[in-house]
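Trainee: This is the content of data.cif (mmCIF, N, CA and C atoms):
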data_target
loop_
_atom_site.label_atom_id
_atom_site.label_comp_id
_atom_site.auth_asym_id
_atom_site.auth_seq_id
_atom_site.Cartn_x
_atom_site.Cartn_y
_atom_site.Cartn_z
N MET A 21 -10.92 4.08 -6.31
CA MET A 21 -9.50 4.08 -6.09
C MET A 21 -9.26 4.54 -4.65
N GLN A 22 -8.35 3.87 -3.96
CA GLN A 22 -8.08 4.24 -2.58
C GLN A 22 -6.58 4.23 -2.30
N LYS A 23 -6.20 5.02 -1.30
CA LYS A 23 -4.81 5.12 -0.87
C LYS A 23 -4.76 4.61 0.56
N ILE A 24 -3.90 3.62 0.80
CA ILE A 24 -3.78 3.00 2.12
C ILE A 24 -2.37 3.24 2.64
N VAL A 25 -2.24 3.71 3.87
CA VAL A 25 -0.94 3.96 4.49
C VAL A 25 -0.81 3.05 5.70
N ILE A 26 0.25 2.22 5.69
CA ILE A 26 0.49 1.26 6.77
C ILE A 26 1.91 1.44 7.29
N LYS A 27 2.04 1.63 8.59
CA LYS A 27 3.34 1.75 9.24
C LYS A 27 3.83 0.35 9.58
N VAL A 28 5.05 0.01 9.16
CA VAL A 28 5.58 -1.34 9.38
C VAL A 28 6.90 -1.27 10.14
N GLN A 29 7.27 -2.40 10.72
CA GLN A 29 8.53 -2.52 11.42
C GLN A 29 9.57 -3.06 10.44
N VAL A 30 10.56 -2.25 10.11
CA VAL A 30 11.61 -2.69 9.19
C VAL A 30 12.96 -2.58 9.88
N ARG A 31 13.72 -3.65 9.80
CA ARG A 31 15.02 -3.67 10.45
C ARG A 31 16.17 -3.69 9.43
N CYS A 32 15.86 -4.06 8.19
CA CYS A 32 16.91 -4.17 7.18
C CYS A 32 16.32 -4.03 5.78
N ASP A 33 17.17 -4.05 4.78
CA ASP A 33 16.70 -3.94 3.40
C ASP A 33 15.86 -5.14 2.99
N LYS A 34 16.17 -6.30 3.53
CA LYS A 34 15.39 -7.50 3.22
C LYS A 34 13.95 -7.35 3.72
N CYS A 35 13.77 -6.73 4.88
CA CYS A 35 12.43 -6.49 5.42
C CYS A 35 11.66 -5.52 4.53
N ARG A 36 12.34 -4.51 4.02
CA ARG A 36 11.69 -3.56 3.10
C ARG A 36 11.25 -4.28 1.83
N SER A 37 12.11 -5.12 1.33
CA SER A 37 11.79 -5.88 0.12
C SER A 37 10.60 -6.81 0.36
N LYS A 38 10.57 -7.45 1.52
CA LYS A 38 9.47 -8.35 1.87
C LYS A 38 8.16 -7.59 1.99
N ALA A 39 8.21 -6.37 2.54
CA ALA A 39 7.02 -5.54 2.66
C ALA A 39 6.49 -5.17 1.28
N MET A 40 7.38 -4.79 0.38
CA MET A 40 6.98 -4.42 -0.98
C MET A 40 6.36 -5.62 -1.71
N GLU A 41 7.00 -6.80 -1.61
CA GLU A 41 6.50 -8.01 -2.27
C GLU A 41 5.12 -8.40 -1.75
N THR A 42 4.96 -8.37 -0.44
CA THR A 42 3.69 -8.75 0.18
C THR A 42 2.57 -7.82 -0.25
N ALA A 43 2.84 -6.52 -0.24
CA ALA A 43 1.82 -5.55 -0.64
C ALA A 43 1.50 -5.67 -2.13
N ALA A 44 2.51 -5.84 -2.96
CA ALA A 44 2.30 -5.92 -4.40
C ALA A 44 1.55 -7.19 -4.79
N ASP A 45 1.65 -8.22 -3.99
CA ASP A 45 1.02 -9.51 -4.27
C ASP A 45 -0.48 -9.52 -3.93
N THR A 46 -0.95 -8.47 -3.28
CA THR A 46 -2.35 -8.38 -2.86
C THR A 46 -3.25 -8.02 -4.04
N ASP A 47 -4.43 -8.65 -4.10
CA ASP A 47 -5.38 -8.36 -5.18
C ASP A 47 -5.83 -6.91 -5.16
N GLY A 48 -5.88 -6.29 -6.33
CA GLY A 48 -6.39 -4.94 -6.48
C GLY A 48 -5.35 -3.85 -6.34
N VAL A 49 -4.11 -4.21 -6.00
CA VAL A 49 -3.07 -3.21 -5.80
C VAL A 49 -2.54 -2.73 -7.15
N ILE A 50 -2.47 -1.41 -7.31
CA ILE A 50 -1.96 -0.81 -8.54
C ILE A 50 -0.51 -0.35 -8.35
N SER A 51 -0.21 0.29 -7.22
CA SER A 51 1.16 0.73 -6.97
C SER A 51 1.49 0.63 -5.48
N VAL A 52 2.79 0.43 -5.20
CA VAL A 52 3.29 0.32 -3.83
C VAL A 52 4.54 1.17 -3.72
N SER A 53 4.67 1.91 -2.62
CA SER A 53 5.90 2.66 -2.39
C SER A 53 6.22 2.69 -0.91
N LEU A 54 7.49 2.89 -0.61
CA LEU A 54 7.94 3.05 0.78
C LEU A 54 8.25 4.51 0.99
N GLN A 55 7.75 5.07 2.08
CA GLN A 55 7.97 6.49 2.37
C GLN A 55 8.39 6.66 3.82
N GLY A 56 8.72 7.86 4.17
CA GLY A 56 9.12 8.17 5.54
C GLY A 56 10.63 8.25 5.66
N LYS A 57 11.07 8.79 6.76
CA LYS A 57 12.50 8.98 7.01
C LYS A 57 13.27 7.66 6.99
N TYR A 58 12.68 6.63 7.58
CA TYR A 58 13.35 5.33 7.65
C TYR A 58 12.76 4.32 6.67
N LYS A 59 11.97 4.80 5.70
CA LYS A 59 11.31 3.93 4.72
C LYS A 59 10.50 2.84 5.43
N ASP A 60 9.76 3.26 6.46
CA ASP A 60 8.99 2.33 7.27
C ASP A 60 7.49 2.50 7.11
N THR A 61 7.08 3.21 6.06
CA THR A 61 5.67 3.42 5.78
C THR A 61 5.37 2.91 4.38
N VAL A 62 4.45 1.95 4.30
CA VAL A 62 4.06 1.39 3.01
C VAL A 62 2.81 2.15 2.53
N VAL A 63 2.89 2.72 1.33
CA VAL A 63 1.77 3.44 0.75
C VAL A 63 1.29 2.63 -0.45
N VAL A 64 0.04 2.16 -0.38
CA VAL A 64 -0.53 1.31 -1.41
C VAL A 64 -1.68 2.05 -2.08
N THR A 65 -1.69 2.03 -3.40
CA THR A 65 -2.79 2.60 -4.17
C THR A 65 -3.44 1.46 -4.92
N GLY A 66 -4.78 1.39 -4.85
CA GLY A 66 -5.45 0.30 -5.54
C GLY A 66 -6.95 0.44 -5.54
N ASP A 67 -7.58 -0.56 -6.13
CA ASP A 67 -9.03 -0.61 -6.25
C ASP A 67 -9.54 -1.87 -5.57
N GLY A 68 -10.40 -1.71 -4.56
CA GLY A 68 -10.98 -2.86 -3.89
C GLY A 68 -10.01 -3.63 -3.01
N VAL A 69 -9.00 -2.96 -2.48
CA VAL A 69 -8.01 -3.61 -1.61
C VAL A 69 -8.58 -3.69 -0.19
N ASP A 70 -8.49 -4.87 0.43
CA ASP A 70 -8.94 -5.04 1.81
C ASP A 70 -7.80 -4.57 2.72
N SER A 71 -7.93 -3.36 3.25
CA SER A 71 -6.85 -2.74 4.01
C SER A 71 -6.53 -3.49 5.32
N ALA A 72 -7.54 -3.98 6.00
CA ALA A 72 -7.32 -4.70 7.25
C ALA A 72 -6.57 -6.01 6.99
N SER A 73 -6.95 -6.70 5.93
CA SER A 73 -6.30 -7.95 5.57
C SER A 73 -4.84 -7.70 5.18
N LEU A 74 -4.60 -6.63 4.43
CA LEU A 74 -3.24 -6.29 4.02
C LEU A 74 -2.37 -5.97 5.23
N ALA A 75 -2.89 -5.20 6.17
CA ALA A 75 -2.15 -4.86 7.38
C ALA A 75 -1.84 -6.11 8.20
N LYS A 76 -2.80 -7.03 8.25
CA LYS A 76 -2.59 -8.28 8.99
C LYS A 76 -1.50 -9.13 8.34
N ARG A 77 -1.52 -9.22 7.00
CA ARG A 77 -0.49 -9.98 6.28
C ARG A 77 0.90 -9.38 6.48
N LEU A 78 0.98 -8.05 6.41
CA LEU A 78 2.27 -7.39 6.63
C LEU A 78 2.75 -7.61 8.06
N GLY A 79 1.83 -7.58 9.02
CA GLY A 79 2.20 -7.83 10.41
C GLY A 79 2.76 -9.22 10.63
N LYS A 80 2.16 -10.21 9.96
CA LYS A 80 2.64 -11.59 10.08
C LYS A 80 4.04 -11.75 9.48
N LYS A 81 4.26 -11.09 8.35
CA LYS A 81 5.55 -11.20 7.66
C LYS A 81 6.67 -10.43 8.35
N LEU A 82 6.33 -9.25 8.91
CA LEU A 82 7.36 -8.35 9.41
C LEU A 82 7.40 -8.21 10.92
N GLY A 83 6.46 -8.78 11.64
CA GLY A 83 6.46 -8.69 13.09
C GLY A 83 5.49 -7.65 13.63
N HIS A 84 5.35 -6.51 12.94
CA HIS A 84 4.41 -5.49 13.39
C HIS A 84 4.02 -4.60 12.22
N ALA A 85 2.73 -4.30 12.13
CA ALA A 85 2.22 -3.36 11.13
C ALA A 85 0.96 -2.72 11.68
N SER A 86 0.83 -1.41 11.50
CA SER A 86 -0.37 -0.73 11.97
C SER A 86 -0.95 0.11 10.83
N LEU A 87 -2.25 -0.01 10.67
CA LEU A 87 -2.97 0.71 9.63
C LEU A 87 -3.10 2.17 10.05
N GLU A 88 -2.51 3.08 9.27
CA GLU A 88 -2.54 4.50 9.62
C GLU A 88 -3.76 5.19 9.01
N THR A 89 -3.89 5.16 7.68
CA THR A 89 -5.02 5.83 7.04
C THR A 89 -5.49 5.05 5.82
N VAL A 90 -6.77 5.22 5.53
CA VAL A 90 -7.37 4.73 4.29
C VAL A 90 -8.22 5.88 3.76
N GLU A 91 -7.91 6.32 2.55
CA GLU A 91 -8.68 7.44 2.00
C GLU A 91 -9.02 7.18 0.54
N GLU A 92 -10.19 7.66 0.16
CA GLU A 92 -10.63 7.57 -1.23
C GLU A 92 -9.90 8.63 -2.03
N MET A 93 -9.41 8.23 -3.18
CA MET A 93 -8.75 9.19 -4.07
C MET A 93 -9.71 9.56 -5.19
N LYS A 94 -9.73 10.82 -5.53
CA LYS A 94 -10.58 11.26 -6.63
C LYS A 94 -9.87 10.95 -7.94
N GLU A 95 -10.68 10.59 -8.93
CA GLU A 95 -10.13 10.37 -10.26
C GLU A 95 -9.68 11.71 -10.84
N LYS A 96 -8.67 11.67 -11.67
CA LYS A 96 -8.18 12.90 -12.29
C LYS A 96 -9.22 13.41 -13.29
N PRO A 97 -9.52 14.70 -13.26
CA PRO A 97 -10.51 15.23 -14.20
C PRO A 97 -10.00 15.14 -15.63
N GLY A 98 -10.92 14.87 -16.53
CA GLY A 98 -10.57 14.79 -17.94
C GLY A 98 -10.15 13.41 -18.39
N VAL A 99 -10.13 12.46 -17.49
CA VAL A 99 -9.76 11.09 -17.84
C VAL A 99 -11.02 10.24 -17.88
N ASP A 100 -11.30 9.63 -19.03
CA ASP A 100 -12.46 8.77 -19.16
C ASP A 100 -12.01 7.33 -19.03
N ASN A 101 -12.34 6.70 -17.92
CA ASN A 101 -11.89 5.33 -17.68
C ASN A 101 -12.77 4.29 -18.35
N ASP A 102 -14.09 4.47 -18.29
CA ASP A 102 -15.00 3.44 -18.78
C ASP A 102 -15.60 3.76 -20.14
N GLU A 103 -15.51 4.99 -20.56
CA GLU A 103 -16.14 5.37 -21.82
C GLU A 103 -15.19 5.14 -22.98
N THR A 104 -15.75 4.65 -24.07
CA THR A 104 -14.95 4.46 -25.28
C THR A 104 -15.19 5.60 -26.22
N LYS A 105 -14.15 6.01 -26.87
CA LYS A 105 -14.28 7.12 -27.81
C LYS A 105 -14.30 6.57 -29.21
N GLY A 106 -15.07 7.18 -30.06
CA GLY A 106 -15.05 6.67 -31.41
C GLY A 106 -16.15 7.21 -32.18
#
So that I can check it, write out the structure of this file as structure tokens.
Mentor:
Amino acid sequence: MQKIVIKVQVRCDKCRSKAMETAADTDGVISVSLQGKYKDTVVVTGDGVDSASLAKRLGKKLGHASLETVEEMKEKPGVDNDETKG
């Protein structure tokens, strides 16, 4: 699981909506949110997301996007994702 933070150029609500749609449409994305004072930072959480490709797609759609950070997120303790109980 990874957390990707991308700074985008947003001029209006339609641009914010386009950023959310583009990010959500990417393979492996689990959640998308807009953060920051001007809602100009897209925070994507997912598994196996190509961060460079996502930043490039957002840049094409919105005019400018820069990849800020990519970090691995630790799984929450006590949660068994792959094991079956029974």
Trainee: Excluding same-chain residues fewer than 2 positions from range 54-64 of chain A, what lies within 7 Å of it counting all atoms listed in the file, as a VMD selection string?
Mentor: chain A and resid 22 to 30 36 49 to 52 66
Trainee: Please run DSSP on the backbone and report, as a list in words, all residues within range 27-84 of chain A that come out as helix (DSSP H, G or I).
Mentor: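 Residues meeting the helix (DSSP H, G or I) criterion: Asp33, Lys34, Cys35, Arg36, Ser37, Lys38, Ala39, Met40, Glu41, Thr42, Ala43, Ala44, Ser71, Ala72, Ser73, Leu74, Ala75, Lys76, Arg77, Leu78, Gly79, Lys80, Lys81 and Leu82 of chain A.
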Trainee: What's around range 75-80 of chain A at 8 Å? Count only N, CA and C atoms, leave out sequence neighbours fewer than 2 positions away in its own chain, and write the answer as a PyMOL selection string.
Mentor: chain A and resi 26-29+38-39+42-43+70-73+82-87
Trainee: For the selection you just gave me, I'd like the residues written to a file as an mmCIF file, keeping the file's coordinate frame, keeping N, CA and C atoms.
Mentor:
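Final output, saved to result18.cif:
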data_model
loop_
_atom_site.group_PDB
_atom_site.id
_atom_site.type_symbol
_atom_site.label_atom_id
_atom_site.label_comp_id
_atom_site.auth_asym_id
_atom_site.auth_seq_id
_atom_site.Cartn_x
_atom_site.Cartn_y
_atom_site.Cartn_z
ATOM 1 N N ILE A 26 0.250 2.220 5.690
ATOM 2 C CA ILE A 26 0.490 1.260 6.770
ATOM 3 C C ILE A 26 1.910 1.440 7.290
ATOM 4 N N LYS A 27 2.040 1.630 8.590
ATOM 5 C CA LYS A 27 3.340 1.750 9.240
ATOM 6 C C LYS A 27 3.830 0.350 9.580
ATOM 7 N N VAL A 28 5.050 0.010 9.160
ATOM 8 C CA VAL A 28 5.580 -1.340 9.380
ATOM 9 C C VAL A 28 6.900 -1.270 10.140
ATOM 10 N N GLN A 29 7.270 -2.400 10.720
ATOM 11 C CA GLN A 29 8.530 -2.520 11.420
ATOM 12 C C GLN A 29 9.570 -3.060 10.440
ATOM 13 N N LYS A 38 10.570 -7.450 1.520
ATOM 14 C CA LYS A 38 9.470 -8.350 1.870
ATOM 15 C C LYS A 38 8.160 -7.590 1.990
ATOM 16 N N ALA A 39 8.210 -6.370 2.540
ATOM 17 C CA ALA A 39 7.020 -5.540 2.660
ATOM 18 C C ALA A 39 6.490 -5.170 1.280
ATOM 19 N N THR A 42 4.960 -8.370 -0.440
ATOM 20 C CA THR A 42 3.690 -8.750 0.180
ATOM 21 C C THR A 42 2.570 -7.820 -0.250
ATOM 22 N N ALA A 43 2.840 -6.520 -0.240
ATOM 23 C CA ALA A 43 1.820 -5.550 -0.640
ATOM 24 C C ALA A 43 1.500 -5.670 -2.130
ATOM 25 N N ASP A 70 -8.490 -4.870 0.430
ATOM 26 C CA ASP A 70 -8.940 -5.040 1.810
ATOM 27 C C ASP A 70 -7.800 -4.570 2.720
ATOM 28 N N SER A 71 -7.930 -3.360 3.250
ATOM 29 C CA SER A 71 -6.850 -2.740 4.010
ATOM 30 C C SER A 71 -6.530 -3.490 5.320
ATOM 31 N N ALA A 72 -7.540 -3.980 6.000
ATOM 32 C CA ALA A 72 -7.320 -4.700 7.250
ATOM 33 C C ALA A 72 -6.570 -6.010 6.990
ATOM 34 N N SER A 73 -6.950 -6.700 5.930
ATOM 35 C CA SER A 73 -6.300 -7.950 5.570
ATOM 36 C C SER A 73 -4.840 -7.700 5.180
ATOM 37 N N LEU A 82 6.330 -9.250 8.910
ATOM 38 C CA LEU A 82 7.360 -8.350 9.410
ATOM 39 C C LEU A 82 7.400 -8.210 10.920
ATOM 40 N N GLY A 83 6.460 -8.780 11.640
ATOM 41 C CA GLY A 83 6.460 -8.690 13.090
ATOM 42 C C GLY A 83 5.490 -7.650 13.630
ATOM 43 N N HIS A 84 5.350 -6.510 12.940
ATOM 44 C CA HIS A 84 4.410 -5.490 13.390
ATOM 45 C C HIS A 84 4.020 -4.600 12.220
ATOM 46 N N ALA A 85 2.730 -4.300 12.130
ATOM 47 C CA ALA A 85 2.220 -3.360 11.130
ATOM 48 C C ALA A 85 0.960 -2.720 11.680
ATOM 49 N N SER A 86 0.830 -1.410 11.500
ATOM 50 C CA SER A 86 -0.370 -0.730 11.970
ATOM 51 C C SER A 86 -0.950 0.110 10.830
ATOM 52 N N LEU A 87 -2.250 -0.010 10.670
ATOM 53 C CA LEU A 87 -2.970 0.710 9.630
ATOM 54 C C LEU A 87 -3.100 2.170 10.050
#
Trainee: Rounded to one decimal, what separation in Å do you get between CA of Val69 in chain A and atom N of Met40 in chain A?
Mentor: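 It comes out at 15.6 Å.
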Trainee: What is the distance, in Å and to one decimal place, between CA of Ser53 in chain A and CA of Glu41 in chain A?
Mentor: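 Going from CA of Ser53 in chain A over to CA of Glu41 in chain A covers 10.7 Å.
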Trainee: Record the distance separating atom N of Cys32 in chain A and atom C of Glu88 in chain A, expressed in Å with one decimal.
Mentor: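 These two atoms are separated by 21.7 Å.
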Trainee: Hey, what's within 8 Å of Met21 in chain A if we count only N, CA and C atoms and toss same-chain stuff fewer than 3 positions away? As a PDB file with N, CA and C atoms, keeping the file's coordinate frame, please?
Mentor:
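Result written to selection_34.pdb:
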ATOM      1  N   ILE A  24      -3.900   3.620   0.800  1.00  0.00           N
ATOM      2  CA  ILE A  24      -3.780   3.000   2.120  1.00  0.00           C
ATOM      3  C   ILE A  24      -2.370   3.240   2.640  1.00  0.00           C
ATOM      4  N   THR A  65      -1.690   2.030  -3.400  1.00  0.00           N
ATOM      5  CA  THR A  65      -2.790   2.600  -4.170  1.00  0.00           C
ATOM      6  C   THR A  65      -3.440   1.460  -4.920  1.00  0.00           C
ATOM      7  N   GLY A  66      -4.780   1.390  -4.850  1.00  0.00           N
ATOM      8  CA  GLY A  66      -5.450   0.300  -5.540  1.00  0.00           C
ATOM      9  C   GLY A  66      -6.950   0.440  -5.540  1.00  0.00           C
ATOM     10  N   ASP A  67      -7.580  -0.560  -6.130  1.00  0.00           N
ATOM     11  CA  ASP A  67      -9.030  -0.610  -6.250  1.00  0.00           C
ATOM     12  C   ASP A  67      -9.540  -1.870  -5.570  1.00  0.00           C
ATOM     13  N   GLY A  68     -10.400  -1.710  -4.560  1.00  0.00           N
ATOM     14  CA  GLY A  68     -10.980  -2.860  -3.890  1.00  0.00           C
ATOM     15  C   GLY A  68     -10.010  -3.630  -3.010  1.00  0.00           C
ATOM     16  N   VAL A  69      -9.000  -2.960  -2.480  1.00  0.00           N
ATOM     17  CA  VAL A  69      -8.010  -3.610  -1.610  1.00  0.00           C
ATOM     18  C   VAL A  69      -8.580  -3.690  -0.190  1.00  0.00           C
ATOM     19  N   GLU A  91      -7.910   6.320   2.550  1.00  0.00           N
ATOM     20  CA  GLU A  91      -8.680   7.440   2.000  1.00  0.00           C
ATOM     21  C   GLU A  91      -9.020   7.180   0.540  1.00  0.00           C
ATOM     22  N   GLU A  92     -10.190   7.660   0.160  1.00  0.00           N
ATOM     23  CA  GLU A  92     -10.630   7.570  -1.230  1.00  0.00           C
ATOM     24  C   GLU A  92      -9.900   8.630  -2.030  1.00  0.00           C
ATOM     25  N   MET A  93      -9.410   8.230  -3.180  1.00  0.00           N
ATOM     26  CA  MET A  93      -8.750   9.190  -4.070  1.00  0.00           C
ATOM     27  C   MET A  93      -9.710   9.560  -5.190  1.00  0.00           C
ATOM     28  N   LYS A  94      -9.730  10.820  -5.530  1.00  0.00           N
ATOM     29  CA  LYS A  94     -10.580  11.260  -6.630  1.00  0.00           C
ATOM     30  C   LYS A  94      -9.870  10.950  -7.940  1.00  0.00           C
ATOM     31  N   GLU A  95     -10.680  10.590  -8.930  1.00  0.00           N
ATOM     32  CA  GLU A  95     -10.130  10.370 -10.260  1.00  0.00           C
ATOM     33  C   GLU A  95      -9.680  11.710 -10.840  1.00  0.00           C
TER      34      GLU A  95
END
Trainee: If the box runs along x, y and z of the file and leaves 4 Å on each side of range 53-64 of chain A, what are its centre and edge lengths in Å, one decimal, as JSON?
Mentor:
{"center_x": 5.8, "center_y": 5.1, "center_z": 2.5, "size_x": 23.0, "size_y": 15.7, "size_z": 18.3}
Trainee: Please return, as a ChimeraX atom specification, all residues of chain A that DSSP assigns to strand (DSSP E or B) on the basis of the backbone.
Mentor: /A:22-28,49-55,61-66,85-92
